Protein chains: 4
Amino acid sequence: MLNVAVIGLGYWGPNLLRNLYELHRCGRLVACDLDPAKLQKVRSRYPTVETFTDASRVFADPEIHAVLVATPVSSHFGLARQALEAGKHVFIEKPFTSSREEALELIDLAARKDRVLMVGHTFEYSPPVLKIKEIIERGDLGRIYYISASRVNLGLHQKDVSVIWDLAPHDFSCLFFWLDEEPVRISAMGRDYVQRGIPDVAFINLEFASGCIANVQVSWLAPSKLRRTTIVGSEKMLVYDDTENIEKVKIFDKGVDYRDPETFGEYHLSYRSGDVLSPRLDSYEPLRKEMEHFLDCCENGKRPKTDGHNGLRVVRALEAAEKSMREGGVVLDVDRL
Amino acid sequence: MLNVAVIGLGYWGPNLLRNLYELHRCGRLVACDLDPAKLQKVRSRYPTVETFTDASRVFADPEIHAVLVATPVSSHFGLARQALEAGKHVFIEKPFTSSREEALELIDLAARKDRVLMVGHTFEYSPPVLKIKEIIERGDLGRIYYISASRVNLGLHQKDVSVIWDLAPHDFSCLFFWLDEEPVRISAMGRDYVQRGIPDVAFINLEFASGCIANVQVSWLAPSKLRRTTIVGSEKMLVYDDTENIEKVKIFDKGVDYRDPETFGEYHLSYRSGDVLSPRLDSYEPLRKEMEHFLDCCENGKRPKTDGHNGLRVVRALEAAEKSMREGGVVLDVDRL
Amino acid sequence: MLNVAVIGLGYWGPNLLRNLYELHRCGRLVACDLDPAKLQKVRSRYPTVETFTDASRVFADPEIHAVLVATPVSSHFGLARQALEAGKHVFIEKPFTSSREEALELIDLAARKDRVLMVGHTFEYSPPVLKIKEIIERGDLGRIYYISASRVNLGLHQKDVSVIWDLAPHDFSCLFFWLDEEPVRISAMGRDYVQRGIPDVAFINLEFASGCIANVQVSWLAPSKLRRTTIVGSEKMLVYDDTENIEKVKIFDKGVDYRDPETFGEYHLSYRSGDVLSPRLDSYEPLRKEMEHFLDCCENGKRPKTDGHNGLRVVRALEAAEKSMREGGVVLDVDRL
Amino acid sequence: MLNVAVIGLGYWGPNLLRNLYELHRCGRLVACDLDPAKLQKVRSRYPTVETFTDASRVFADPEIHAVLVATPVSSHFGLARQALEAGKHVFIEKPFTSSREEALELIDLAARKDRVLMVGHTFEYSPPVLKIKEIIERGDLGRIYYISASRVNLGLHQKDVSVIWDLAPHDFSCLFFWLDEEPVRISAMGRDYVQRGIPDVAFINLEFASGCIANVQVSWLAPSKLRRTTIVGSEKMLVYDDTENIEKVKIFDKGVDYRDPETFGEYHLSYRSGDVLSPRLDSYEPLRKEMEHFLDCCENGKRPKTDGHNGLRVVRALEAAEKSMREGGVVLDVDRL
């Protein structure tokens with residue numbers, strides 16, 4: 001059985017730990033955080049979990065096989081590098097790293113060390129996102145024209161990163177997963193209304209080589225929680241509303257057909273409007289699936305679905321969006337940053 | 001009593017005519033269209049309305065006091081200029097003109113001829129838009145941070161103008177009315193998926209000198225009709241959903257307060273979440289109000305609320321958005337086009 | 001071409017007239033009402049329509065082939081009898097008559113005179129109701145267990161009949177049409193809160209011989225308009241929400257399966273939850289379809305879908321519900337009133 | 001500190017235990033269940049909780065001060081009686097008992113033993129229900145005309161009690177709490193579609209001496225979860241939708257005013273339609289509040305808000321509804337059962 005350590009027991013780390021605990025697939029489980037109060041809470045909840053305040057103890061422990069990093073993004077690179085160098089499999093929470101350079105270095109290091117490197121893009125393990133992937137791959141939507149996504153609510157303002165780095169990783173991860181491509185050009189407009197220097201609202205535009213475009217809105221300042229993505233294809237259209245309890249995904253048999261002009265006449269557009277279908281979705285906790293996948297990869301040396309390259313493309317897009325926003329909305333070539 | 005002519009009986013003109021007819025405030029009512037079939041329909045519906053196929057008959061008729069132009073935008077300028085030169089009051093449907101130059105010339109001409117020049121920004125006469133104006137002016141929302149608006153549905157594709165010129169006039173008119181300012185910088189990304197050369201989806205960003213920003217999405221390719229505007233202020237937030245039958249406007253007593261650091265501590269953000277209020281709205285047809293206002297202005301020589309300058313600022317923004325979209329999303333200074 | 005008269009130009013009559021007018025299938029069209037002001041409105045709107053204040057002129061006019069009665073229910077019987085006796089085809093608005101005796105007499109009279117007798121249960125011509133009928137007949141829902149329907153909103157209080165006679169005809173007509181049976185037992189509880197003696201809220205229970213039960217709520221005192229019917233079947237479940245613009249009908253692939261006990265074990269229930277489908281509906285005005293059907297029947301001597309027997313079963317149920325309500329909610333046998 | 005035992009660790013008992021555990025106000029905590037597997041789960045989750053399989057150990061333990069009974073309703077009476085006779089304070093889950101006789105006996109016994117007897121009508125501790133009570137008591141709604149409530153979803157079919165005993169306790173408890181009265185007459189219609197002899201859908205009518213009436217629909221066979229209560233008053237109307245995340249309670253400033261006839265004219269009804277307000281609600285777990293209240297009562301000898309009489313009135317109504325349903329919907333006098 002694998003011995004596994006979770007570093008960072010702030011907001012998300014406890015969820016990783018809970019799932020690992022409940023899977024009953026690990027030998028030793030170690031929780032590591034600088035804050036003893038957090039570790040105390042862990043111990044009272046999970047008496048069998050070991051707790052360290054010093055991450056170097058994790059790296060030095062030859063019996064720990066895998067490390068999950070759930071700390072603020074600025075420390076991802078340093079902790080992951082040490083873990084990989086100590087020969088451990090590594091799982092890093094989204095966003096992967098603070099820069100593409102860091103991401104590339106970790107990918108390279110993991111390859112050299114022959115260790116698993118996985119990024120926690122949980123949405124790619126969730127029932128609605130997987131169902132949409134399946135629908136797109138089956139060709140039901142036809143060619144994807146454009147995607148519009150909103151991820152807004154009131155708070156929680158981060159103090160170290162902009163709303164782009166906080167919320168956009170989710171949408172970027174889903175979009176690139178569905179489209180199977182990353183954007184070539186990005187622009188973003190945003191503002192820092194509440195905390196100076198830390199934008200809390202941003203409108204991001206993405207262009208893909210396939211011709212698809214996307215608009216992603218992220219905000220910590222919004223009257224109600226929106227988690228709504230619209231995918232418009234040439235054949236059908238789809239709405240994914242993650243705040244819905246039941247009909248999270250709806251497929252609209254709608255479209256417009258272009259008919260070439262006959263003889264000298266004008267071309268003609270005809271609008272189609274058919275059934276609306278909300279497919280049944282599996283119900284499981286995506287994070288559970290993600291943890292299982294990580295353990296599977298560690299045990300069998302498989303490449304994770306959300307590997308370093310998957311994490312890298314999100315980081316590249318985040319970097320470009322943030323830079324565009326800082327520069328007043330200029331359109332940036334993702335490759336030429 | 002005023003004698004009034006409506007030129008253009010396509011999609012919107014019949015609504016103008018119906019309201020003028022039902023107001024019982026006009027003497028002669030004239031309908032003018034190139035298509036005799038449209039006039040035939042008018043006659044069978046309103047036996048007392050005169051019908052002309054030739055607009056020059058309208059201009060030449062000295063007893064016609066006022067002309068309403070509801071033709072495609074490319075003909076607005078020519079028809080309005082002739083009407084003004086013939087000494088008639090003029091009402092032009094939105095968007096006002098095809099260019100700022102045309103708009104300025106009409107404004108100038110109307111001033112020289114001392115005639116009323118009004119633009120049909122109907123939303124500025126509608127109960128929810130006026131209620132929101134009142135709420136903002138009362139200071140209930142505090143400082144306006146940002147606005148996000150969506151105006152999307154399936155069709156109807158125009159064949160002469162992009163979706164920006166078709167749908168964005170509504171949002172631009174509302175935004176500039178509420179904020180009492182026009183944008184200084186605009187960018188837009190769009191694509192022409194169905195008809196080559198005529199974009200059918202666009203994401204538009206607006207920046208105002210006050211610091212407010214806005215995102216406006218317009219599309220003829222969308223699974224369901226959205227008419228949703230969110231206004232986020234420093235004190236409260238507001239959602240205006242024009243597809244709702246009852247609660248079109250909702251005010252959320254929500255916000256985030258920034259508290260300066262005491263002693264050496266960190267600053268602190270606290271989130272407020274109070275009542276949600278949906279104010280009662282008057283119920284009348286906005287177009288009725290608009291027509292009454294036009295007749296009032298003609299009769300009393302008043303300046304219309306939606307005068308040429310009001311129409312001009314929308315045209316300037318449309319021009320900038322269209323140009324940015326055609327140039328790949330570059331951020332444009334509205335003043336320096 | 002048929003010459004047709006509409007008697008009663010109050011709330012609903014003008015809709016009959018408008019549809020007859022726009023169908024262009026009638027020769028003479030006559031409007032008849034005691035109130036000259038109503039007839040004046042008709043003339044200004046439809047210059048070719050003749051207007052009578054005296055219904056006896058309609059009956060005496062040998063060239064009028066068909067009569068539509070859209071007056072208050074208390075006068076339905078008298079007017080329809082005169083019309084039938086004068087040899088005219090008759091269409092009567094819902095509810096058919098004030099009592100089952102009156103209904104039977106009209107059915108008998110129409111048979112003897114060999115004239116069409118049709119009742120205006122418009123819902124039976126509407127796209128969602130017909131789609132539901134089709135779904136049920138195809139067996140998609142399995143055996144129908146129960147139906148729950150709400151038809152409530154604020155106003156409009158009638159001054160001559162209870163809310164049961166005003167609103168329940170719609171639901172009763174739909175239910176009996178879908179189930180193809182009428183109820184055997186009925187009870188109702190109601191109260192007269194605003195106008196003494198005229199109940200404005202009622203809860204009605206219906207039992208059918210097939211085993212199906214139904215609850216119908218009708219009220220003129222409700223915070224928001226509800227037009228919601230839930231049909232629960234052994235295989236699937238269906239919701240019909242007539243206030244929805246798009247997804248009026250939704251079919252839920254949901255159910256519970258009963259498995260007999262194996263060996264000594266307990267029986268087991270398993271819950272199914274699959275896709276949700278909202279079928280495309282035709283879009284036309286039901287009343288247009290209904291008027292076409294009436295004219296077809298008059299021209300071809302066909303029996304209307306909503307004939308006198310169809311109207312009678314609704315009247316029987318209304319009588320029973322009203323009587324139960326007046327008697328404190330006692331359960332009544334519909335056959336033994 | 002109080003030593004407390006929870007008997008019954010099935011569906012709901014673990015929630016009681018969790019709250020007691022997290023309140024840190026109890027000395028010893030004991031969990032008691034016949035099923036050792038359930039106790040094993042308790043131990044692994046809460047290492048400090050003692051576990052008994054035999055309830056008599058609880059009663060025999062002189063250091064246990066209070067007992068919470070969360071077993072099937074048929075065993076409530078027996079367990080509670082033993083606990084009271086052993087001198088312990090008793091909390092019983094809803095519904096209180098299987099019959100009014102049992103309820104009266106427990107009330108009497110608790111009084112004689114001077115022990116706290118509390119019934120777990122959790123809704124009476126929940127923010128929306130308390131807010132509605134406050135609104136009603138302030139007179140905002142005016143006189144309460146009628147209440148309509150739906151509590152339906154797919155499953156979970158109980159095997160020992162009808163849907164009335166399973167779901168209606170919630171609505172009855174809320175209604176009687178808000179109205180501060182219990183019904184005088186009850187009727188109910190229901191059917192047993194899935195399990196023979198165990199009705200899974202019921203429509204219940206309640207009449208109160210004040211003139212208020214209510215309709216409560218409960219079902220285990222429904223396409224979607226509804227938890228919707230409408231309260232119509234003479235001044236305002238209110239909707240409580242417990243499936244809403246944000247606007248659970250909405251107050252509609254709507255009503256109809258009756259004006260007496262002036263001179264010889266007819267009386268006149270005028271409809272009011274004003275703002276819609278969704279008041280901010282506290283956010284806490286109702287069960288936490290309930291457990292705190294029980295501990296407070298035990299410690300200070302206070303009478304619980306939801307005491308035995310509170311539980312009794314719900315039992316009386318359940319008995320009447322069940323009996324009416326079994327007898328075909330006959331209207332029953334609650335006092336004369």
# chains A, B, ... in the order shown; residues from 1 in each chain; ligands from 1
call {"tool": "residues_around", "arguments": {"residues": "stretch 319-328 of chain D", "least_positions_apart": "6", "cutoff": "7 Å", "atoms": "only C-alpha atoms", "output": "count of residues only"}}
result
9
call {"tool": "residues_around", "arguments": {"residues": "C:Ala209", "least_positions_apart": "5", "cutoff": "9 Å", "atoms": "only C-alpha atoms", "output": "PyMOL selection string"}}
result
chain C and resi 181-185
call {"tool": "interface_residues", "arguments": {"of": "chain C", "to": "chain B", "cutoff": "10 Å", "atoms": "only C-alpha atoms", "output": "PyMOL selection string"}}
result
chain C and resi 44-47+224-225+243+245-246
call {"tool": "write_last_selection", "arguments": {"atoms": "all heavy atoms", "output": "short mmCIF file (atom, residue, chain, number, x, y, z; two decimals), in the first residue's frame"}}
result
data_model
loop_
_atom_site.label_atom_id
_atom_site.label_comp_id
_atom_site.auth_asym_id
_atom_site.auth_seq_id
_atom_site.Cartn_x
_atom_site.Cartn_y
_atom_site.Cartn_z
N SER C 44 -65.18 49.37 -35.56
CA SER C 44 -64.00 50.17 -35.91
C SER C 44 -62.81 49.25 -36.18
O SER C 44 -61.91 49.59 -36.92
CB SER C 44 -63.68 51.17 -34.79
OG SER C 44 -63.02 50.53 -33.75
N ARG C 45 -62.84 48.09 -35.57
CA ARG C 45 -61.73 47.15 -35.77
C ARG C 45 -61.93 46.31 -37.04
O ARG C 45 -60.98 46.03 -37.76
CB ARG C 45 -61.65 46.26 -34.51
CG ARG C 45 -60.62 45.18 -34.50
CD ARG C 45 -59.24 45.71 -34.19
NE ARG C 45 -58.24 44.63 -34.29
CZ ARG C 45 -57.79 44.16 -35.43
NH1 ARG C 45 -58.19 44.64 -36.57
NH2 ARG C 45 -56.87 43.19 -35.43
N TYR C 46 -63.19 45.87 -37.27
CA TYR C 46 -63.50 45.01 -38.42
C TYR C 46 -64.65 45.63 -39.20
O TYR C 46 -65.83 45.30 -38.94
CB TYR C 46 -63.91 43.61 -37.96
CG TYR C 46 -62.95 42.96 -37.00
CD1 TYR C 46 -63.26 42.87 -35.65
CD2 TYR C 46 -61.73 42.45 -37.45
CE1 TYR C 46 -62.39 42.26 -34.76
CE2 TYR C 46 -60.86 41.84 -36.55
CZ TYR C 46 -61.18 41.75 -35.22
OH TYR C 46 -60.33 41.17 -34.34
N PRO C 47 -64.35 46.50 -40.14
CA PRO C 47 -65.43 47.25 -40.81
C PRO C 47 -66.44 46.35 -41.52
O PRO C 47 -67.58 46.76 -41.69
CB PRO C 47 -64.67 48.12 -41.81
CG PRO C 47 -63.25 48.13 -41.35
CD PRO C 47 -63.02 46.87 -40.60
N SER C 224 -48.55 34.24 -7.13
CA SER C 224 -48.02 34.24 -8.48
C SER C 224 -48.81 33.25 -9.31
O SER C 224 -49.46 32.34 -8.79
CB SER C 224 -46.53 33.88 -8.49
OG SER C 224 -46.30 32.73 -7.73
N LYS C 225 -48.77 33.45 -10.59
CA LYS C 225 -49.54 32.64 -11.50
C LYS C 225 -48.92 31.25 -11.60
O LYS C 225 -47.74 31.12 -11.92
CB LYS C 225 -49.51 33.32 -12.87
CG LYS C 225 -50.39 32.67 -13.92
CD LYS C 225 -50.37 33.51 -15.21
CE LYS C 225 -51.15 32.82 -16.31
NZ LYS C 225 -51.33 33.69 -17.49
N THR C 243 -46.82 28.21 -17.80
CA THR C 243 -46.24 29.55 -17.69
C THR C 243 -44.83 29.60 -18.26
O THR C 243 -44.26 30.66 -18.42
CB THR C 243 -46.19 30.04 -16.23
OG1 THR C 243 -45.33 29.16 -15.49
CG2 THR C 243 -47.56 30.03 -15.59
N ASN C 245 -42.05 29.54 -21.07
CA ASN C 245 -42.07 29.90 -22.48
C ASN C 245 -41.54 28.78 -23.36
O ASN C 245 -42.04 28.55 -24.45
CB ASN C 245 -41.21 31.15 -22.72
CG ASN C 245 -41.88 32.38 -22.14
OD1 ASN C 245 -43.08 32.54 -22.24
ND2 ASN C 245 -41.09 33.24 -21.53
N ILE C 246 -40.52 28.11 -22.91
CA ILE C 246 -39.84 27.16 -23.78
C ILE C 246 -40.18 25.72 -23.41
O ILE C 246 -40.82 25.02 -24.16
CB ILE C 246 -38.31 27.36 -23.70
CG1 ILE C 246 -37.94 28.82 -23.91
CG2 ILE C 246 -37.62 26.46 -24.71
CD1 ILE C 246 -38.26 29.39 -25.25
#
call {"tool": "residues_around", "arguments": {"residues": "A:His157", "least_positions_apart": "6", "cutoff": "9 Å", "atoms": "only C-alpha atoms", "output": "ChimeraX atom specification"}}
result
/A:163,166,194-195,198,200,220-221 /B:269
call {"tool": "select_by_dssp", "arguments": {"residues": "stretch 218-267 of chain C", "states": "strand (DSSP E or B)", "output": "PyMOL selection string"}}
result
chain C and resi 218-219+226-233+237-241+249-259
call {"tool": "residues_around", "arguments": {"residues": "A:Asp241", "least_positions_apart": "6", "cutoff": "12 Å", "atoms": "only C-alpha atoms", "output": "ChimeraX atom specification"}}
result
/A:128-129,132,148-151,225-231,247-251,278
call {"tool": "write_last_selection", "arguments": {"atoms": "N, CA and C atoms", "output": "short mmCIF file (atom, residue, chain, number, x, y, z; two decimals), in the first residue's frame"}}
result
data_model
loop_
_atom_site.label_atom_id
_atom_site.label_comp_id
_atom_site.auth_asym_id
_atom_site.auth_seq_id
_atom_site.Cartn_x
_atom_site.Cartn_y
_atom_site.Cartn_z
N PRO A 128 -20.74 16.03 -15.05
CA PRO A 128 -21.23 16.86 -16.16
C PRO A 128 -20.14 17.18 -17.18
N VAL A 129 -18.94 17.43 -16.73
CA VAL A 129 -17.85 17.78 -17.66
C VAL A 129 -17.50 16.57 -18.53
N ILE A 132 -20.28 16.10 -21.12
CA ILE A 132 -20.17 17.07 -22.22
C ILE A 132 -19.05 16.65 -23.18
N SER A 148 -19.27 30.41 -24.01
CA SER A 148 -19.37 31.55 -23.10
C SER A 148 -19.52 31.00 -21.69
N ALA A 149 -18.66 31.45 -20.79
CA ALA A 149 -18.67 30.88 -19.44
C ALA A 149 -18.65 31.98 -18.39
N SER A 150 -19.44 31.78 -17.34
CA SER A 150 -19.44 32.73 -16.21
C SER A 150 -19.18 31.97 -14.92
N ARG A 151 -18.26 32.47 -14.15
CA ARG A 151 -17.97 31.88 -12.83
C ARG A 151 -17.85 33.05 -11.87
N LYS A 225 -24.50 33.58 -7.38
CA LYS A 225 -23.53 32.62 -7.87
C LYS A 225 -23.93 32.14 -9.26
N LEU A 226 -23.08 32.32 -10.22
CA LEU A 226 -23.31 31.78 -11.56
C LEU A 226 -22.17 30.83 -11.89
N ARG A 227 -22.55 29.68 -12.39
CA ARG A 227 -21.56 28.70 -12.89
C ARG A 227 -22.16 28.17 -14.18
N ARG A 228 -22.14 28.99 -15.21
CA ARG A 228 -22.92 28.70 -16.39
C ARG A 228 -22.05 28.76 -17.62
N THR A 229 -22.07 27.70 -18.40
CA THR A 229 -21.28 27.63 -19.61
C THR A 229 -22.20 27.28 -20.76
N THR A 230 -22.13 28.05 -21.82
CA THR A 230 -22.92 27.79 -23.01
C THR A 230 -21.98 27.40 -24.14
N ILE A 231 -22.28 26.29 -24.79
CA ILE A 231 -21.46 25.83 -25.91
C ILE A 231 -22.34 25.83 -27.15
N GLU A 247 -31.02 19.35 -13.53
CA GLU A 247 -30.71 19.41 -14.94
C GLU A 247 -29.47 20.26 -15.20
N LYS A 248 -28.33 19.74 -14.81
CA LYS A 248 -27.08 20.50 -14.93
C LYS A 248 -26.69 20.70 -16.39
N VAL A 249 -26.95 19.70 -17.21
CA VAL A 249 -26.57 19.78 -18.62
C VAL A 249 -27.83 19.70 -19.47
N LYS A 250 -27.98 20.63 -20.38
CA LYS A 250 -29.13 20.60 -21.29
C LYS A 250 -28.64 20.74 -22.72
N ILE A 251 -29.14 19.87 -23.58
CA ILE A 251 -28.77 19.91 -24.98
C ILE A 251 -29.98 20.42 -25.77
N SER A 278 -32.03 16.71 -21.20
CA SER A 278 -31.10 16.81 -20.08
C SER A 278 -30.67 15.40 -19.71
#
call {"tool": "residues_around", "arguments": {"residues": "B:His121", "least_positions_apart": "3", "cutoff": "8 Å", "atoms": "only C-alpha atoms", "output": "number ranges by chain"}}
result
B: 93-94, 124-125, 170, 173, 306, 311
call {"tool": "residues_around", "arguments": {"residues": "A:Lys302", "least_positions_apart": "2", "cutoff": "12 Å", "atoms": "only C-alpha atoms", "output": "short mmCIF file (atom, residue, chain, number, x, y, z; two decimals) with all heavy atoms, in the first residue's frame"}}
result
data_model
loop_
_atom_site.label_atom_id
_atom_site.label_comp_id
_atom_site.auth_asym_id
_atom_site.auth_seq_id
_atom_site.Cartn_x
_atom_site.Cartn_y
_atom_site.Cartn_z
N HIS A 89 6.10 10.44 -6.05
CA HIS A 89 5.06 10.84 -6.98
C HIS A 89 4.44 12.13 -6.45
O HIS A 89 4.35 12.32 -5.24
CB HIS A 89 3.97 9.77 -7.08
CG HIS A 89 4.49 8.45 -7.56
ND1 HIS A 89 5.08 8.28 -8.79
CD2 HIS A 89 4.50 7.23 -6.95
CE1 HIS A 89 5.43 7.00 -8.93
NE2 HIS A 89 5.10 6.34 -7.83
N ASP A 114 11.19 9.66 -13.48
CA ASP A 114 10.18 8.62 -13.75
C ASP A 114 9.12 8.53 -12.65
O ASP A 114 8.77 7.44 -12.19
CB ASP A 114 10.88 7.26 -13.93
CG ASP A 114 9.94 6.28 -14.63
OD1 ASP A 114 8.99 6.73 -15.31
OD2 ASP A 114 10.16 5.06 -14.48
N ARG A 115 8.67 9.69 -12.26
CA ARG A 115 7.62 9.74 -11.24
C ARG A 115 6.33 10.28 -11.85
O ARG A 115 6.36 11.01 -12.85
CB ARG A 115 8.04 10.68 -10.08
CG ARG A 115 9.28 10.28 -9.29
CD ARG A 115 9.02 9.07 -8.41
NE ARG A 115 9.24 7.82 -9.15
CZ ARG A 115 9.05 6.61 -8.65
NH1 ARG A 115 8.65 6.45 -7.40
NH2 ARG A 115 9.24 5.53 -9.38
N VAL A 116 5.22 9.94 -11.22
CA VAL A 116 3.93 10.50 -11.64
C VAL A 116 3.88 11.98 -11.26
O VAL A 116 4.25 12.35 -10.15
CB VAL A 116 2.77 9.75 -10.95
CG1 VAL A 116 1.44 10.49 -11.15
CG2 VAL A 116 2.69 8.32 -11.46
N LEU A 117 3.40 12.79 -12.20
CA LEU A 117 3.16 14.21 -11.90
C LEU A 117 1.73 14.51 -12.37
O LEU A 117 1.43 14.44 -13.56
CB LEU A 117 4.16 15.10 -12.65
CG LEU A 117 3.93 16.62 -12.49
CD1 LEU A 117 4.03 17.06 -11.04
CD2 LEU A 117 4.93 17.40 -13.35
N MET A 118 0.88 14.81 -11.43
CA MET A 118 -0.54 15.02 -11.75
C MET A 118 -0.98 16.37 -11.21
O MET A 118 -0.54 16.82 -10.16
CB MET A 118 -1.36 13.88 -11.13
CG MET A 118 -2.86 14.03 -11.30
SD MET A 118 -3.71 12.43 -10.94
CE MET A 118 -5.37 13.01 -10.63
N HIS A 293 -7.75 8.01 -9.24
CA HIS A 293 -6.93 8.03 -10.45
C HIS A 293 -5.46 8.27 -10.09
O HIS A 293 -4.56 7.64 -10.63
CB HIS A 293 -7.43 9.12 -11.39
CG HIS A 293 -6.72 9.18 -12.70
ND1 HIS A 293 -6.67 8.11 -13.58
CD2 HIS A 293 -5.99 10.16 -13.29
CE1 HIS A 293 -5.97 8.46 -14.65
NE2 HIS A 293 -5.54 9.69 -14.49
N PHE A 294 -5.22 9.17 -9.15
CA PHE A 294 -3.84 9.44 -8.75
C PHE A 294 -3.21 8.19 -8.15
O PHE A 294 -2.08 7.81 -8.50
CB PHE A 294 -3.79 10.61 -7.76
CG PHE A 294 -2.41 10.91 -7.24
CD1 PHE A 294 -1.37 11.26 -8.11
CD2 PHE A 294 -2.12 10.84 -5.88
CE1 PHE A 294 -0.09 11.54 -7.64
CE2 PHE A 294 -0.85 11.10 -5.40
CZ PHE A 294 0.17 11.46 -6.28
N LEU A 295 -3.94 7.54 -7.27
CA LEU A 295 -3.40 6.33 -6.65
C LEU A 295 -3.15 5.25 -7.71
O LEU A 295 -2.12 4.57 -7.70
CB LEU A 295 -4.35 5.82 -5.56
CG LEU A 295 -4.53 6.78 -4.36
CD1 LEU A 295 -5.50 6.17 -3.33
CD2 LEU A 295 -3.21 7.13 -3.69
N ASP A 296 -4.11 5.12 -8.65
CA ASP A 296 -3.93 4.15 -9.75
C ASP A 296 -2.63 4.44 -10.51
O ASP A 296 -1.87 3.53 -10.83
CB ASP A 296 -5.09 4.25 -10.76
CG ASP A 296 -6.37 3.65 -10.21
OD1 ASP A 296 -6.32 3.00 -9.14
OD2 ASP A 296 -7.42 3.87 -10.84
N CYS A 297 -2.45 5.72 -10.85
CA CYS A 297 -1.26 6.09 -11.63
C CYS A 297 0.02 5.78 -10.86
O CYS A 297 1.00 5.29 -11.42
CB CYS A 297 -1.31 7.57 -12.02
SG CYS A 297 -2.61 7.93 -13.22
N CYS A 298 0.00 6.10 -9.56
CA CYS A 298 1.19 5.83 -8.74
C CYS A 298 1.47 4.32 -8.70
O CYS A 298 2.62 3.88 -8.82
CB CYS A 298 0.98 6.33 -7.32
SG CYS A 298 0.90 8.13 -7.21
N GLU A 299 0.41 3.55 -8.54
CA GLU A 299 0.60 2.10 -8.39
C GLU A 299 1.02 1.44 -9.69
O GLU A 299 1.81 0.49 -9.69
CB GLU A 299 -0.71 1.46 -7.89
CG GLU A 299 -0.96 1.78 -6.40
CD GLU A 299 -2.37 1.42 -5.96
OE1 GLU A 299 -3.16 0.96 -6.81
OE2 GLU A 299 -2.70 1.63 -4.78
N ASN A 300 0.48 1.94 -10.80
CA ASN A 300 0.72 1.26 -12.08
C ASN A 300 1.61 2.04 -13.04
O ASN A 300 1.76 1.65 -14.20
CB ASN A 300 -0.61 1.00 -12.77
CG ASN A 300 -1.59 0.33 -11.84
OD1 ASN A 300 -1.22 -0.60 -11.12
ND2 ASN A 300 -2.82 0.81 -11.79
N PRO A 304 -1.16 10.27 -15.79
CA PRO A 304 -2.49 10.79 -15.41
C PRO A 304 -3.16 11.51 -16.57
O PRO A 304 -2.48 12.08 -17.43
CB PRO A 304 -2.17 11.79 -14.29
CG PRO A 304 -0.77 11.53 -13.88
CD PRO A 304 -0.08 10.92 -15.05
N LYS A 305 -4.48 11.47 -16.57
CA LYS A 305 -5.23 12.25 -17.55
C LYS A 305 -4.89 13.73 -17.44
O LYS A 305 -4.74 14.42 -18.45
CB LYS A 305 -6.74 12.10 -17.29
CG LYS A 305 -7.33 10.80 -17.71
CD LYS A 305 -8.80 10.73 -17.27
CE LYS A 305 -9.53 12.05 -17.52
NZ LYS A 305 -10.95 12.03 -17.14
N THR A 306 -4.82 14.22 -16.22
CA THR A 306 -4.46 15.62 -16.02
C THR A 306 -3.00 15.67 -15.59
O THR A 306 -2.67 15.90 -14.43
CB THR A 306 -5.36 16.26 -14.95
OG1 THR A 306 -5.38 15.38 -13.81
CG2 THR A 306 -6.77 16.44 -15.45
N ASP A 307 -2.13 15.47 -16.56
CA ASP A 307 -0.69 15.42 -16.26
C ASP A 307 -0.08 16.82 -16.31
O ASP A 307 -0.80 17.82 -16.37
CB ASP A 307 0.00 14.46 -17.25
CG ASP A 307 -0.08 14.99 -18.68
OD1 ASP A 307 -0.64 16.09 -18.91
OD2 ASP A 307 0.42 14.29 -19.58
#
call {"tool": "residues_around", "arguments": {"residues": "C:Glu50", "least_positions_apart": "3", "cutoff": "8 Å", "atoms": "only C-alpha atoms", "output": "JSON, numbers by chain"}}
result
{"C": [28, 29, 30, 31, 43]}
